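Undergrad: After the structure tokens below, expect a handful of questions from me.
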There are 2 protein chains.
Amino acid sequence: MKPATLKQIAEQLNISISTVSKALKDYPDVSKKTKDLVNELAKDLNYKPNAFALNLRNKESKTIGLIIPEIVHHFFSSVIKGIISQAEEKGYLVIILQSNESYELEKKQIELLMNQRVDGILISLANGTADYAHLNEVLAQDKPLVMFDKIAKLVRCSKIVIDDRKAAYLATQHLIDTGCKRIAHFRGPLLPQNSIDRFLGYKKALEDNNIPYDPSLVYLCECGEHSFEEGKANAQKLLQDHNDVDGIFINTDLVAIGAINEFKKMGIKIPEDISIVGFSNWHMSSVISPSLTTIDQPGFLMGKNAFKQLHLEITNLKNNLPIVHQEIILQTDLLKRESTKDITAKKNKLHL
Amino acid sequence: MKPATLKQIAEQLNISISTVSKALKDYPDVSKKTKDLVNELAKDLNYKPNAFALNLRNKESKTIGLIIPEIVHHFFSSVIKGIISQAEEKGYLVIILQSNESYELEKKQIELLMNQRVDGILISLANGTADYAHLNEVLAQDKPLVMFDKIAKLVRCSKIVIDDRKAAYLATQHLIDTGCKRIAHFRGPLLPQNSIDRFLGYKKALEDNNIPYDPSLVYLCECGEHSFEEGKANAQKLLQDHNDVDGIFINTDLVAIGAINEFKKMGIKIPEDISIVGFSNWHMSSVISPSLTTIDQPGFLMGKNAFKQLHLEITNLKNNLPIVHQEIILQTDLLKRESTKDITAKKNKLHL
DNA sequence: CTGAAAGCGCTTACAG
DNA sequence: CTGAAAGCGCTTACAG
């Protein structure tokens with residue numbers, strides 16, 4: 001059974017399409033009697049306005065596009081959840097595409113979404129993305145665009161991020177505060193700004209505490225599918241290279257958990273021998289033993305804020321109001337758990 | 001800058017809109033000269049056909065809807081990935097909604113998607129869904145609908161599933177084959193058919209091996225957010241209630257991992273004292289120690305198949321071909337790892 | 001080879 | 001209070 005149209009209602013009632021349309025929208029210049037007739041029949045026929053026709057007329061589809069590097073990923077799926085929940089509240093639908101960390105795919109997907117004429121685009125960049133022409137093109141066409149987490153500083157649009165550098169600084173400072181003297185870092189890949197910033201935060205904290213920076217203490221991870229194994233491998237390498245390390249700041253929780261597993265297997269005590277701080281607050285991190293001290297990365301909140309900002313820009317554009325790009329920096333908290341030492345306990349001991 | 005239209009091209013070239021349209025579509029009855037002119041200008045203006053107009057005319061949007069109980073979930077996010085990857089290949093976009101395991105939300109979202117006039121709908125049911133009127137309504141309106149994983153047997157549409165009962169049977173049989181005599185089961189919630197079937201498979205395997213079924217050996221889990229903690233709690237309870245258990249078949253890997261953690265903490269050896277089999281093959285399961293014997297639940301493949309089937313039905317509907325509903329049962333494998341005993345090793349020993 | 005006309009389903013300014 | 005007309009941007013059967 002095909003969905004009913006205004007035309008059908010009009011014909012059955014022997015009135016014009018315009019009147020039917022106005023009756024359904026409760027225009028004041030339609031008689032009560034006509035309105036009642038129309039509404040009743042519309043209900044009987046289960047009339048729903050044709051979204052395609054509305055889109056064409058209103059030049060908007062109440063649909064946005066989301067491009068994300070990876071879906072099977074705790075942080076990113078939390079962001080998606082935040083975006084969708086907020087979108088649903090405002091009556092928007094979300095088309096999701098996955099770039100697989102590929103610049104080429106990302107470029108194609110931007111085009112797809114532009115051709116689809118979504119009302120706006122939300123994106124977290126692929127690691128491979130170093131050229132921003134496709135993003136600037138979106139902005140040039142006056143299409144609202146908001147970036148989150150993995151952003152390009154040079155693109156002039158709104159951004160929702162955390163302060164990776166500051167968070168990494170705090171993480172490292174916490175290791176120093178709890179007595180670590182020789183602190184290693186398992187860093188993320190070379191490209192996204194985030195792992196660069198985390199590395200820089202680590203380095204800065206060392207400097208500010210007069211601890212010499214030693215590049216041989218920095219190990220690289222892909223932080224992709226094999227994060228856990230990378231953590232184990234790096235833990236092994238680290239022990240071979242340096243037997244004096246007493247603290248590690250690790251780019252991602254999953255890598256940290258791999259490292260912890262390996263250390264435990266080798267009989268190294270955490271936090272007594274080596275203290276560890278992770279990054280992201282994965283759901284397993286609070287639950288393993290020892291539980292992992294880490295930086296809480298607020299994915300759900302980031303998603304919510306990203307959609308809110310996009311929605312604001314879509315609305316302003318529609319109402320010919322000026323669009324002010326925002327850079328929103330979400331707060332990150334250091335969650336102190338068992339993989340680092342408890343300072344208060346230590347202090348108390350000293351005071352005995 | 002607003003996107004270009006056929007009208008603009010026509011005006012600039014002083015020809016009719018129809019001719020422009022036909023030139024762009026390479027109709028044979030347009031002169032080469034006109035085609036060249038049109039194509040050149042179209043390229044200059046970066047002309048892209050207006051998707052809203054096409055949707056209205058073609059009565060299709062090359063967009064499907066997906067309703068899923070939970071996004072932040074390893075299995076479901078794998079399914080999503082499979083769906084999106086396959087959809088992209090066929091030129092379809094995917095709108096994702098999350099039902100949060102709520103029947104009410106699910107119902108609303110079905111309506112949303114119907115009003116949006118997506119070309120088809122993919123759904124995995126909320127645990128709370130026991131009434132299927134909203135799903136039958138979709139089918140009554142001739143909209144292709146494919147269910148996966150959490151399905152309703154009574155709804156007459158295509159389904160992509162695994163054979164939960166058989167997989168559970170194999171898991172339990174494996175425990176029996178490796179010498180377990182007293183086998184417990186941590187089962188999932190009462191509602192979705194899947195956990196019922198897994199329970200039934202467990203029970204059937206016991207029967208077929210003349211092991212008496214003991215209801216006090218069956219423990220319930222929500223298998224939601226706190227799966228890990230549930231595993232720990234159930235492990236504790238089990239030890240209090242029964243000190244003779246030597247094997248457990250557990251509804252979900254995450255619960256199993258929680259249980260393993262707890263057992264290890266209590267000094268119970270796995271698999272020597274208690275053997276454990278999980279279900280789903282979560283990415284951590286192969287990587288923890290001892291690694292978890294489990295049933296591989298092919299999420300990505302399920303997503304791919306679900307979209308393929310939906311696409312087939314969409315295409316057939318469009319071409320007025322008959323639609324044959326399929327129930328596709330994907331293969332599940334038992335992955336033998338360290339949390340159960342190695343039979344071959346045992347056999348070898350016996351043969352010495 | 002080109003173009004006017006009708007139509008997809010809706011809305012709204014305008015006429016009566 | 002009701003309806004004819006124009007328009008959103010496109011396609012295609014038909015006329016010339």
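Residue names in the structure tokens use chain letters A, B, ... in the order shown, residue numbers from 1 in each chain, and ligand numbers from 1 in the order shown.
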Could you pull out all residues of stretch 75-111 of chain B with a DSSP call of strand (DSSP E or B) and give them as a PyMOL selection string?
TA: chain B and resi 93-98
Undergrad: Keeping only N, CA, C and O atoms, write those residues as a PDB file, in the first residue's frame.
TA:
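So the final result, stored in out-v4.pdb, reads:
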ATOM      1  N   LEU B  93      23.658   5.001   2.053  1.00  0.00           N
ATOM      2  CA  LEU B  93      24.045   5.619   3.313  1.00  0.00           C
ATOM      3  C   LEU B  93      23.221   5.009   4.434  1.00  0.00           C
ATOM      4  O   LEU B  93      22.137   4.475   4.200  1.00  0.00           O
ATOM      5  N   VAL B  94      23.744   5.105   5.645  1.00  0.00           N
ATOM      6  CA  VAL B  94      23.093   4.453   6.781  1.00  0.00           C
ATOM      7  C   VAL B  94      22.819   5.457   7.904  1.00  0.00           C
ATOM      8  O   VAL B  94      23.740   6.113   8.398  1.00  0.00           O
ATOM      9  N   ILE B  95      21.557   5.566   8.270  1.00  0.00           N
ATOM     10  CA  ILE B  95      21.160   6.386   9.418  1.00  0.00           C
ATOM     11  C   ILE B  95      21.088   5.467  10.634  1.00  0.00           C
ATOM     12  O   ILE B  95      20.406   4.446  10.599  1.00  0.00           O
ATOM     13  N   ILE B  96      21.780   5.817  11.697  1.00  0.00           N
ATOM     14  CA  ILE B  96      21.834   4.930  12.858  1.00  0.00           C
ATOM     15  C   ILE B  96      21.064   5.501  14.041  1.00  0.00           C
ATOM     16  O   ILE B  96      21.216   6.670  14.390  1.00  0.00           O
ATOM     17  N   LEU B  97      20.239   4.671  14.629  1.00  0.00           N
ATOM     18  CA  LEU B  97      19.507   5.033  15.841  1.00  0.00           C
ATOM     19  C   LEU B  97      19.790   3.996  16.908  1.00  0.00           C
ATOM     20  O   LEU B  97      20.001   2.825  16.596  1.00  0.00           O
ATOM     21  N   GLN B  98      19.784   4.415  18.149  1.00  0.00           N
ATOM     22  CA  GLN B  98      20.061   3.493  19.241  1.00  0.00           C
ATOM     23  C   GLN B  98      18.828   3.364  20.130  1.00  0.00           C
ATOM     24  O   GLN B  98      18.325   4.348  20.660  1.00  0.00           O
TER      25      GLN B  98
END
Undergrad: Residues of stretch 31-215 of chain A classed as alpha helix (DSSP H) by DSSP on the backbone are to be reported as number ranges by chain.
TA: A: 32-44, 51-58, 74-89, 103-116, 133-140, 164-177, 193-208
Undergrad: Please superimpose chain A upon chain B, fitting all C-alpha atoms matched one to one in order, and report the result as a compact mmCIF listing (two decimals) with C-alpha atoms, in the first residue's frame.
TA:
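Output file out06.txt is given in full below:
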# COMPACT_ATOMS: atom_id res chain seq x y z
CA MET A 1 27.67 30.27 -2.56
CA LYS A 2 24.57 28.27 -3.40
CA PRO A 3 25.05 25.08 -5.42
CA ALA A 4 24.39 25.40 -9.16
CA THR A 5 21.15 24.17 -10.75
CA LEU A 6 20.16 23.03 -14.21
CA LYS A 7 18.25 26.27 -14.59
CA GLN A 8 21.40 28.35 -14.12
CA ILE A 9 23.28 26.35 -16.70
CA ALA A 10 20.37 26.61 -19.11
CA GLU A 11 20.13 30.37 -18.71
CA GLN A 12 23.83 30.98 -19.13
CA LEU A 13 23.87 28.86 -22.26
CA ASN A 14 20.53 30.13 -23.52
CA ILE A 15 19.11 26.67 -23.99
CA SER A 16 16.32 24.80 -22.22
CA ILE A 17 16.53 22.97 -18.93
CA SER A 18 15.47 19.72 -20.60
CA THR A 19 18.37 19.88 -22.99
CA VAL A 20 20.82 20.54 -20.19
CA SER A 21 19.47 17.60 -18.25
CA LYS A 22 19.70 15.31 -21.26
CA ALA A 23 23.16 16.54 -22.17
CA LEU A 24 24.47 15.77 -18.69
CA LYS A 25 22.96 12.32 -18.83
CA ASP A 26 24.51 11.76 -22.24
CA TYR A 27 21.24 11.13 -24.07
CA PRO A 28 21.88 10.15 -27.68
CA ASP A 29 19.58 12.81 -29.12
CA VAL A 30 21.65 15.79 -28.01
CA SER A 31 24.30 17.22 -30.29
CA LYS A 32 27.92 16.73 -29.43
CA LYS A 33 28.43 20.47 -29.47
CA THR A 34 25.70 21.14 -26.93
CA LYS A 35 26.91 18.31 -24.72
CA ASP A 36 30.41 19.73 -24.66
CA LEU A 37 29.21 23.20 -23.78
CA VAL A 38 26.97 21.91 -21.03
CA ASN A 39 29.56 19.61 -19.53
CA GLU A 40 32.17 22.30 -19.46
CA LEU A 41 29.96 24.81 -17.71
CA ALA A 42 28.66 22.18 -15.32
CA LYS A 43 32.19 21.43 -14.34
CA ASP A 44 33.06 25.10 -13.92
CA LEU A 45 30.05 25.66 -11.69
CA ASN A 46 30.77 22.40 -9.85
CA TYR A 47 27.25 21.26 -10.62
CA LYS A 48 25.94 18.36 -8.56
CA PRO A 49 22.38 17.14 -9.01
CA ASN A 50 20.16 18.09 -6.09
CA ALA A 51 19.64 14.93 -4.06
CA PHE A 52 16.34 16.20 -2.65
CA ALA A 53 14.88 16.61 -6.12
CA LEU A 54 16.14 13.20 -7.19
CA ASN A 55 14.72 11.54 -4.11
CA LEU A 56 11.31 13.06 -4.76
CA ARG A 57 11.31 12.02 -8.36
CA ASN A 58 12.76 8.54 -7.90
CA LYS A 59 10.91 7.83 -4.67
CA GLU A 60 14.06 6.51 -3.15
CA SER A 61 16.94 8.04 -1.24
CA LYS A 62 19.61 5.34 -1.32
CA THR A 63 19.55 5.58 2.45
CA ILE A 64 18.65 2.88 4.93
CA GLY A 65 17.93 3.00 8.63
CA LEU A 66 19.61 0.90 11.29
CA ILE A 67 18.22 0.44 14.80
CA ILE A 68 20.57 -1.16 17.26
CA PRO A 69 20.22 -1.68 21.02
CA GLU A 70 23.64 -0.32 21.98
CA ILE A 71 26.51 1.27 20.08
CA VAL A 72 29.24 1.16 22.70
CA HIS A 73 29.48 -2.60 22.49
CA HIS A 74 32.12 -4.66 20.74
CA PHE A 75 29.82 -7.06 18.96
CA PHE A 76 27.29 -4.47 17.84
CA SER A 77 29.86 -1.95 16.72
CA SER A 78 31.40 -4.72 14.60
CA VAL A 79 28.01 -5.35 13.04
CA ILE A 80 27.63 -1.63 12.30
CA LYS A 81 31.01 -1.62 10.65
CA GLY A 82 29.99 -4.57 8.47
CA ILE A 83 26.75 -2.88 7.48
CA ILE A 84 28.34 0.45 6.65
CA SER A 85 31.17 -1.07 4.66
CA GLN A 86 28.77 -3.08 2.53
CA ALA A 87 26.36 -0.18 2.14
CA GLU A 88 29.12 2.12 0.98
CA GLU A 89 30.08 -0.41 -1.67
CA LYS A 90 26.56 -0.37 -3.06
CA GLY A 91 26.22 3.39 -2.82
CA TYR A 92 23.92 3.48 0.18
CA LEU A 93 24.10 5.61 3.29
CA VAL A 94 23.14 4.43 6.76
CA ILE A 95 21.21 6.36 9.40
CA ILE A 96 21.90 4.89 12.83
CA LEU A 97 19.60 4.99 15.82
CA GLN A 98 20.13 3.44 19.21
CA SER A 99 17.19 1.90 21.03
CA ASN A 100 18.93 1.57 24.38
CA GLU A 101 17.20 -1.80 24.75
CA SER A 102 13.92 0.10 25.10
CA TYR A 103 10.79 -1.06 23.29
CA GLU A 104 9.25 2.40 23.45
CA LEU A 105 12.25 4.05 21.85
CA GLU A 106 12.48 1.33 19.24
CA LYS A 107 8.87 1.91 18.28
CA LYS A 108 9.40 5.65 17.94
CA GLN A 109 12.51 5.12 15.88
CA ILE A 110 10.75 2.80 13.47
CA GLU A 111 8.20 5.56 12.95
CA LEU A 112 10.92 8.14 12.48
CA LEU A 113 12.56 6.04 9.80
CA MET A 114 9.26 5.34 8.06
CA ASN A 115 8.44 9.03 7.99
CA GLN A 116 11.92 9.70 6.66
CA ARG A 117 11.08 7.19 3.91
CA VAL A 118 14.34 5.29 4.09
CA ASP A 119 14.63 2.58 1.45
CA GLY A 120 14.80 -0.18 4.03
CA ILE A 121 15.34 -0.93 7.70
CA LEU A 122 17.82 -3.12 9.54
CA ILE A 123 17.12 -3.93 13.16
CA SER A 124 18.33 -5.90 16.12
CA LEU A 125 15.56 -5.90 18.70
CA ALA A 126 15.66 -4.35 22.13
CA ASN A 127 15.51 -6.83 24.99
CA GLY A 128 12.29 -5.16 26.04
CA THR A 129 10.51 -5.83 22.74
CA ALA A 130 7.79 -8.46 23.02
CA ASP A 131 5.13 -6.87 20.83
CA TYR A 132 5.79 -6.83 17.11
CA ALA A 133 3.05 -4.61 15.72
CA HIS A 134 5.50 -1.85 14.81
CA LEU A 135 7.56 -4.32 12.79
CA ASN A 136 4.59 -5.84 11.04
CA GLU A 137 3.47 -2.33 10.18
CA VAL A 138 6.74 -1.77 8.32
CA LEU A 139 6.19 -4.94 6.33
CA ALA A 140 2.56 -4.04 5.69
CA GLN A 141 3.77 -0.87 4.02
CA ASP A 142 6.00 -2.92 1.73
CA LYS A 143 9.15 -1.54 3.25
CA PRO A 144 11.99 -4.06 3.25
CA LEU A 145 13.00 -5.06 6.77
CA VAL A 146 15.79 -7.38 7.82
CA MET A 147 16.43 -8.44 11.40
CA PHE A 148 19.73 -9.66 12.78
CA ASP A 149 21.05 -11.21 15.99
CA LYS A 150 18.15 -10.36 18.28
CA ILE A 151 15.18 -11.31 16.16
CA ALA A 152 11.50 -12.11 16.50
CA LYS A 153 10.83 -15.54 15.06
CA LEU A 154 7.17 -14.70 14.48
CA VAL A 155 7.78 -11.72 12.22
CA ARG A 156 7.80 -12.75 8.59
CA CYS A 157 10.94 -11.10 7.24
CA SER A 158 14.54 -12.05 6.50
CA LYS A 159 16.79 -12.79 9.44
CA ILE A 160 20.52 -13.08 9.86
CA VAL A 161 21.46 -15.03 12.94
CA ILE A 162 23.75 -17.57 14.43
CA ASP A 163 22.51 -20.83 15.89
CA ASP A 164 22.84 -19.87 19.54
CA ARG A 165 21.52 -23.17 20.74
CA LYS A 166 23.92 -25.22 18.68
CA ALA A 167 26.88 -23.02 19.60
CA ALA A 168 26.04 -23.31 23.29
CA TYR A 169 25.67 -27.04 22.86
CA LEU A 170 29.14 -27.26 21.35
CA ALA A 171 30.61 -25.10 24.07
CA THR A 172 29.12 -27.30 26.76
CA GLN A 173 30.05 -30.48 24.93
CA HIS A 174 33.63 -29.23 24.82
CA LEU A 175 33.62 -28.87 28.60
CA ILE A 176 32.28 -32.41 28.91
CA ASP A 177 34.81 -33.74 26.42
CA THR A 178 37.64 -32.23 28.40
CA GLY A 179 36.51 -34.03 31.50
CA CYS A 180 34.15 -31.66 33.33
CA LYS A 181 31.44 -33.41 35.30
CA ARG A 182 29.71 -30.63 37.17
CA ILE A 183 29.07 -27.74 34.82
CA ALA A 184 27.54 -24.42 35.76
CA HIS A 185 26.05 -21.80 33.43
CA PHE A 186 26.03 -18.03 33.78
CA ARG A 187 23.08 -17.17 31.58
CA GLY A 188 21.96 -13.91 30.03
CA PRO A 189 18.75 -12.01 30.68
CA LEU A 190 15.39 -13.73 30.43
CA LEU A 191 14.05 -11.94 27.41
CA PRO A 192 16.08 -12.05 24.24
CA GLN A 193 15.75 -15.38 22.53
CA ASN A 194 19.53 -15.62 22.30
CA SER A 195 20.18 -16.19 25.97
CA ILE A 196 17.25 -18.58 26.17
CA ASP A 197 18.72 -20.54 23.28
CA ARG A 198 22.17 -20.59 24.81
CA PHE A 199 20.69 -21.87 28.01
CA LEU A 200 18.75 -24.53 26.14
CA GLY A 201 21.87 -25.61 24.26
CA TYR A 202 23.67 -25.98 27.55
CA LYS A 203 20.84 -28.03 29.01
CA LYS A 204 20.55 -30.25 25.96
CA ALA A 205 24.26 -31.05 25.99
CA LEU A 206 24.01 -32.14 29.61
CA GLU A 207 21.03 -34.35 28.85
CA ASP A 208 22.64 -35.96 25.84
CA ASN A 209 25.59 -36.86 28.04
CA ASN A 210 23.47 -38.17 30.88
CA ILE A 211 24.52 -35.42 33.22
CA PRO A 212 21.61 -34.40 35.41
CA TYR A 213 20.50 -30.79 34.95
CA ASP A 214 20.71 -28.88 38.22
CA PRO A 215 18.91 -25.49 38.16
CA SER A 216 20.93 -24.26 41.12
CA LEU A 217 23.98 -24.27 38.85
CA VAL A 218 22.44 -21.61 36.61
CA TYR A 219 23.19 -17.98 37.48
CA LEU A 220 21.64 -14.93 35.88
CA CYS A 221 23.47 -11.91 34.41
CA GLU A 222 22.19 -8.72 32.91
CA CYS A 223 25.15 -8.76 30.51
CA GLY A 224 24.87 -5.00 30.25
CA GLU A 225 27.26 -2.33 31.41
CA HIS A 226 28.45 -4.19 34.47
CA SER A 227 29.22 -7.51 32.87
CA PHE A 228 32.68 -7.68 34.33
CA GLU A 229 31.45 -7.09 37.87
CA GLU A 230 28.63 -9.56 37.34
CA GLY A 231 31.18 -12.16 36.40
CA LYS A 232 33.10 -11.53 39.59
CA ALA A 233 29.98 -11.59 41.75
CA ASN A 234 28.66 -14.77 40.19
CA ALA A 235 32.03 -16.44 40.56
CA GLN A 236 31.95 -15.70 44.27
CA LYS A 237 28.39 -16.91 44.69
CA LEU A 238 29.11 -20.04 42.75
CA LEU A 239 32.02 -20.96 45.01
CA GLN A 240 29.91 -20.41 48.10
CA ASP A 241 27.02 -22.51 46.80
CA HIS A 242 28.94 -25.32 45.13
CA ASN A 243 32.49 -26.42 45.80
CA ASP A 244 32.34 -29.23 43.28
CA VAL A 245 31.91 -27.29 40.05
CA ASP A 246 34.65 -27.98 37.50
CA GLY A 247 33.36 -26.18 34.43
CA ILE A 248 31.31 -23.11 33.51
CA PHE A 249 29.72 -22.06 30.25
CA ILE A 250 29.23 -18.30 30.33
CA ASN A 251 26.82 -16.29 28.19
CA THR A 252 29.28 -13.51 27.31
CA ASP A 253 33.06 -13.11 27.23
CA LEU A 254 33.11 -10.00 29.37
CA VAL A 255 31.30 -11.83 32.18
CA ALA A 256 33.69 -14.75 31.73
CA ILE A 257 36.69 -12.47 32.03
CA GLY A 258 35.29 -11.03 35.24
CA ALA A 259 34.83 -14.53 36.60
CA ILE A 260 38.36 -15.54 35.60
CA ASN A 261 39.76 -12.49 37.36
CA GLU A 262 37.90 -13.35 40.51
CA PHE A 263 38.90 -17.00 40.41
CA LYS A 264 42.53 -16.08 39.94
CA LYS A 265 42.35 -13.76 42.91
CA MET A 266 40.92 -16.59 45.01
CA GLY A 267 43.72 -18.93 44.00
CA ILE A 268 41.59 -21.16 41.82
CA LYS A 269 43.43 -22.53 38.82
CA ILE A 270 41.98 -22.26 35.36
CA PRO A 271 41.53 -24.66 33.62
CA GLU A 272 42.87 -27.19 36.15
CA ASP A 273 40.29 -26.51 38.88
CA ILE A 274 37.59 -24.93 36.78
CA SER A 275 37.38 -24.80 33.00
CA ILE A 276 35.61 -21.87 31.39
CA VAL A 277 34.02 -21.26 27.99
CA GLY A 278 32.75 -17.84 27.01
CA PHE A 279 30.65 -16.54 24.13
CA SER A 280 31.29 -13.81 21.51
CA ASN A 281 35.08 -13.75 21.10
CA TRP A 282 35.72 -10.26 22.36
CA HIS A 283 39.05 -8.77 21.28
CA MET A 284 40.48 -9.06 24.79
CA SER A 285 39.62 -12.73 25.11
CA SER A 286 42.58 -14.01 23.14
CA VAL A 287 44.95 -11.71 24.92
CA ILE A 288 44.28 -12.16 28.61
CA SER A 289 45.86 -14.86 30.68
CA PRO A 290 44.68 -17.54 30.58
CA SER A 291 43.25 -16.83 27.15
CA LEU A 292 39.55 -17.61 26.96
CA THR A 293 38.03 -20.52 25.08
CA THR A 294 34.96 -19.08 23.44
CA ILE A 295 32.43 -19.11 20.63
CA ASP A 296 33.31 -16.78 17.82
CA GLN A 297 30.30 -14.60 16.99
CA PRO A 298 30.90 -13.10 13.55
CA GLY A 299 29.67 -9.52 13.96
CA PHE A 300 31.26 -7.96 10.91
CA LEU A 301 30.03 -10.79 8.70
CA MET A 302 26.57 -10.56 10.19
CA GLY A 303 26.45 -6.87 9.33
CA LYS A 304 27.60 -7.51 5.78
CA ASN A 305 25.02 -10.22 5.24
CA ALA A 306 22.24 -8.18 6.77
CA PHE A 307 22.90 -5.33 4.38
CA LYS A 308 23.27 -7.64 1.40
CA GLN A 309 19.92 -9.24 2.07
CA LEU A 310 18.25 -5.87 2.58
CA HIS A 311 19.79 -4.57 -0.62
CA LEU A 312 18.51 -7.60 -2.51
CA GLU A 313 15.00 -6.99 -1.24
CA ILE A 314 15.15 -3.28 -2.02
CA THR A 315 16.29 -4.05 -5.55
CA ASN A 316 13.68 -6.72 -6.12
CA LEU A 317 10.93 -4.50 -4.82
CA LYS A 318 12.02 -1.77 -7.21
CA ASN A 319 12.05 -4.16 -10.15
CA ASN A 320 8.75 -5.77 -9.21
CA LEU A 321 10.42 -9.09 -8.60
CA PRO A 322 9.15 -11.38 -5.87
CA ILE A 323 10.79 -11.04 -2.47
CA VAL A 324 11.84 -14.27 -0.85
CA HIS A 325 12.58 -13.98 2.84
CA GLN A 326 15.73 -15.73 3.91
CA GLU A 327 16.85 -16.98 7.27
CA ILE A 328 20.62 -16.98 7.06
CA ILE A 329 22.42 -18.82 9.83
CA LEU A 330 26.06 -17.86 10.08
CA GLN A 331 28.63 -20.35 11.20
CA THR A 332 30.11 -20.03 14.67
CA ASP A 333 33.37 -21.62 15.65
CA LEU A 334 34.53 -22.86 19.00
CA LEU A 335 37.94 -21.32 19.61
CA LYS A 336 39.83 -23.58 21.98
CA ARG A 337 42.25 -21.66 24.15
CA GLU A 338 43.83 -21.85 27.59
CA SER A 339 40.75 -21.60 29.80
CA THR A 340 39.77 -25.17 28.93
CA LYS A 341 41.97 -28.23 28.92
CA ASP A 342 43.75 -29.44 25.84
CA ILE A 343 42.25 -32.80 24.98
CA THR A 344 45.05 -33.94 22.73
CA ALA A 345 47.60 -33.41 25.48
CA LYS A 346 45.45 -35.37 27.87
CA LYS A 347 44.96 -38.20 25.43
CA ASN A 348 48.67 -38.35 24.87
CA LYS A 349 49.26 -38.65 28.57
CA LEU A 350 46.79 -41.48 28.81
CA HIS A 351 48.57 -43.23 26.03
CA LEU A 352 51.94 -43.07 27.73
Undergrad: What are the closest atom pairs, with distances in Å to one decimal, for all residues of chain D lying within 8 Å of chain A? Consider only C-alpha atoms (C1' of nucleotides), order rows by chain and residue number, and present the result as a Markdown table.
TA:
| residue | atom | partner | partner_atom | distance |
| --- | --- | --- | --- | --- |
| D:DC1 | C1' | A:Val30 | CA | 6.0 |
| D:DT2 | C1' | A:Thr19 | CA | 6.8 |
| D:DG3 | C1' | A:Ser16 | CA | 6.0 |
| D:DC8 | C1' | A:Arg57 | CA | 4.5 |
| D:DG9 | C1' | A:Leu56 | CA | 7.6 |
Undergrad: Any idea what the distance is between atom C1' of D:DG7 and atom C1' of C:DA13?
TA: 11.2 Å
Undergrad: Contacts of C:DA6 at 12 Å or less, counting only C-alpha atoms (C1' of nucleotides), minus same-chain residues fewer than 4 places along, as a PyMOL selection string?
TA: chain D and resi 11-14
Undergrad: How about saving the chosen residues, N, CA, C and O atoms (P, O5', C5', C4', C3', O3' and C1' of nucleotides) kept, as a tab-separated table (two decimals), in the first residue's frame?
TA:
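Dumped everything to out07.tsv:
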chain	number	residue	atom	x	y	z
D	11	DT	P	18.10	14.79	-13.76
D	11	DT	O5'	16.67	14.20	-14.15
D	11	DT	C5'	16.15	13.12	-13.39
D	11	DT	C4'	14.90	12.63	-14.06
D	11	DT	C3'	15.13	12.06	-15.47
D	11	DT	O3'	14.42	10.83	-15.51
D	11	DT	C1'	13.44	13.73	-15.53
D	12	DT	P	14.75	9.75	-16.61
D	12	DT	O5'	13.54	9.90	-17.63
D	12	DT	C5'	12.23	9.79	-17.10
D	12	DT	C4'	11.25	10.20	-18.18
D	12	DT	C3'	11.64	9.77	-19.59
D	12	DT	O3'	10.44	9.43	-20.27
D	12	DT	C1'	11.30	12.05	-19.58
D	13	DA	P	10.41	8.13	-21.19
D	13	DA	O5'	8.91	8.19	-21.74
D	13	DA	C5'	7.84	8.49	-20.85
D	13	DA	C4'	6.83	9.39	-21.55
D	13	DA	C3'	6.57	9.02	-23.01
D	13	DA	O3'	5.21	9.30	-23.32
D	13	DA	C1'	7.51	11.18	-22.93
D	14	DC	P	4.60	8.99	-24.77
D	14	DC	O5'	4.68	10.42	-25.48
D	14	DC	C5'	3.94	11.51	-24.92
D	14	DC	C4'	4.29	12.76	-25.69
D	14	DC	C3'	4.20	12.62	-27.22
D	14	DC	O3'	3.15	13.47	-27.67
D	14	DC	C1'	6.13	13.81	-26.55
